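*Asks:* First the structure, then my questions, so here it is.
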Amino acid sequence: MTALQAQARLKVAVIGAGYWGPNLARNFSAGADWDLVAICDLDAARGQGLADRVGGAVTVYTDLTALLARDDLDAVAIATPAKTHHGIALAALRAGKHVLVEKPLADSQELGAEMVQEASVRGLTLMADHTYCYTPAVLKIRELIAEGALGDILFIDSVRINLGLVQPDVDVFWDLAPHDLSIIDFVLPGGLRPTAVSAQGADPLGAGKACIGYLTIPLQNDAIAHVHVNWLSPTKIRQMVIGGTTRTLVWDDLNPQQRLSVYDRGVELTQQSVGGADAAASMVSYRLGDTWSPALPEREALGAMVAEFAASIREERAPRTDGEAGLRVLAVLEAASRSLAGQGLLSNLTGAHTPVTDAERVAVVR
Ligand SMILES: NC(=O)c1ccc[n+]([C@@H]2O[C@H](COP(=O)([O-])OP(=O)(O)OC[C@H]3O[C@@H](n4cnc5c(N)ncnc54)[C@H](O)[C@@H]3O)[C@@H](O)[C@H]2O)c1
């Protein structure tokens, strides 16, 4: 790519003009890096409605093949249901387009891996829209953990519940947990690479799929992560607590005045000898310090996300949330589905089941 090409605006099409596609289209239109040149949706009226709203010279397609035949198109962004991501992404990559895919990357790990492989062979960018990884709050959390402000991570507890749309093609784990999992993957040094997970779900209204889900993920050094996702809660909660040996962080995404709070508090376990030479007892001591709230800029995550997509294409490097990050999330989701089918048995990421321990069972049902 020449320096001149590197400076030129890239041309992009958004595929899928339902709920989320318009947010992508708006950010591509507003960004300095992109020219939004096309919208593609099976529903022509929906595609046209979005094209009218964003304005400019935007052509509407209902036929993916016709869209991908455009040789002036650099990239596509896919905001269609999860089960269609693989087919559309492969077609776009084979037509030489860079691809941004909504979460989850695909509806199976195997299909996601095929997408990653296809992009790699062709030297094209494949990026997952793990939107939260572009929010000021999550960037700050990652920074604090990386600089050791929390100490060693002991636990992560994430709650994402509200009255949500029961999705036609996926259960609540595949719909909502990609957010929590991609965030945990992004903030943990080394990413999210558990060996096993345990999931329990419920469908109390008979929707035909889990609408309430609890996911337990053993982490390194006996730490643990827990994710609660729920479409049936009249109260909306978006909260993550990350406990460390020196500080604990609370992220309340619905509290714009104080999204992040850092508690300078910790628990220490010391061994004390009691009586005889070998006898020892554990003493728990608590340290209670101040609480502070880091200042965060108010900025739309999707603006930074589409800028990163352009930068990764221009600089011919992996984007911050690349296909591999998408695959790590899919690996956990697949293991969660296997665990769900096995009544919450701990499921290895390779697929084998091992009995869940009492400690993990307690964590799941608390
Ligand atoms: N990043 C986020 O925060 C976020 C938020 C919501 C949804 N999403 C993701 O966005 C994707 C879309 O979700 P949604 O809620 O917008 O769905 P939606 O059902 O509202 O919209 C999907 C659109 O895709 C169109 N479509 C379906 N198949 C197509 C095909 N083969 N070719 C062209 N158009 C096709 C449909 O006609 C529809 O207009 C999902 O993967 C979802 O998980 C991401």
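As shown in the structure tokens, the chain order sets the letters A, B, ...; within each chain, residues go from 1, and ligands are also counted from 1 in the order they appear.
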So which residues are near ligand 1, meaning at most 6 Å away with only C-alpha atoms and all ligand atoms counted, given back as a list in words?
*Replies:*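 Counting only what the definition allows, namely only C-alpha atoms and all ligand atoms, the set is Ile15, Gly16, Ala17, Gly18, Tyr19, Trp20, Gly21, Cys40, Asp41, Leu42, Asp43, Ala79, Thr80, Pro81, Ala82, Thr84, Glu102, Lys103, Pro104, Asp129, Thr131 and Asp175 of chain A.
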*Asks:* To one decimal place, how far is CA of Asp253 (chain A) from CA of Ser158 (chain A) in Å?
*Replies:*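 Distance reported for this atom pair: 11.3 Å.
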*Asks:* Could you pull out the strand (DSSP E or B) residues of region 42-160 of chain A from DSSP and send them as a list in words?
*Replies:*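 Assigned to strand (DSSP E or B), within region 42-160 of chain A: Thr59, Val60, Tyr61, Ala75, Val76, Ala77, Ile78, His98, Val99, Leu100, Val101, Glu102, Leu126, Met127, Ala128, Asp129, Ile153, Leu154, Phe155, Ile156, Asp157, Ser158, Val159 and Arg160 of chain A.
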*Asks:* Which is closer to Pro218 (chain A) than all the others in A:Lys97, A:Arg314, A:Lys236, A:Arg193, using only C-alpha atoms?
*Replies:*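 Using only C-alpha atoms, the shortest distance to Pro218 (chain A) belongs to A:Arg193.
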*Asks:* Which of region 136-235 of chain A counts as alpha helix (DSSP H) under DSSP, as a count of residues only please?
*Replies:* 27
*Asks:* Looking at only C-alpha atoms, which of A:Ala311, A:Ala210, A:Val37, A:Ala45 is the one that sits closest to Val76 (chain A)?
*Replies:*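 Under the stated criterion, the closest residue is A:Val37.
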*Asks:* Go through A:Gln200, A:Thr216, A:Thr62, A:Gln258 one by one, measure the shortest atom-to-atom distance of each to Gln48 (chain A) using only C-alpha atoms, and give the residue with the smallest value.
*Replies:*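 For Gln48 (chain A), the nearest of the candidates is A:Thr62.
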*Asks:* Looking at only C-alpha atoms, which of A:Arg142, A:His98, A:Arg238, A:Arg122 is the one that sits closest to Ile161 (chain A)?
*Replies:*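 Closest to Ile161 (chain A) of all the choices is A:Arg238.
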*Asks:* Under the rule that only C-alpha atoms are counted, which of A:Glu316, A:Asp74, A:Asp107, A:Asp35 is the nearest residue to Trp174 (chain A)?
*Replies:* A:Asp107
*Asks:* My list of candidates is A:Ala196, A:Lys140, A:Ala177, A:Glu300. Which is closest to Ser261 (chain A) when distances are computed with only C-alpha atoms?
*Replies:*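 Closest residue, counting only C-alpha atoms: A:Lys140.
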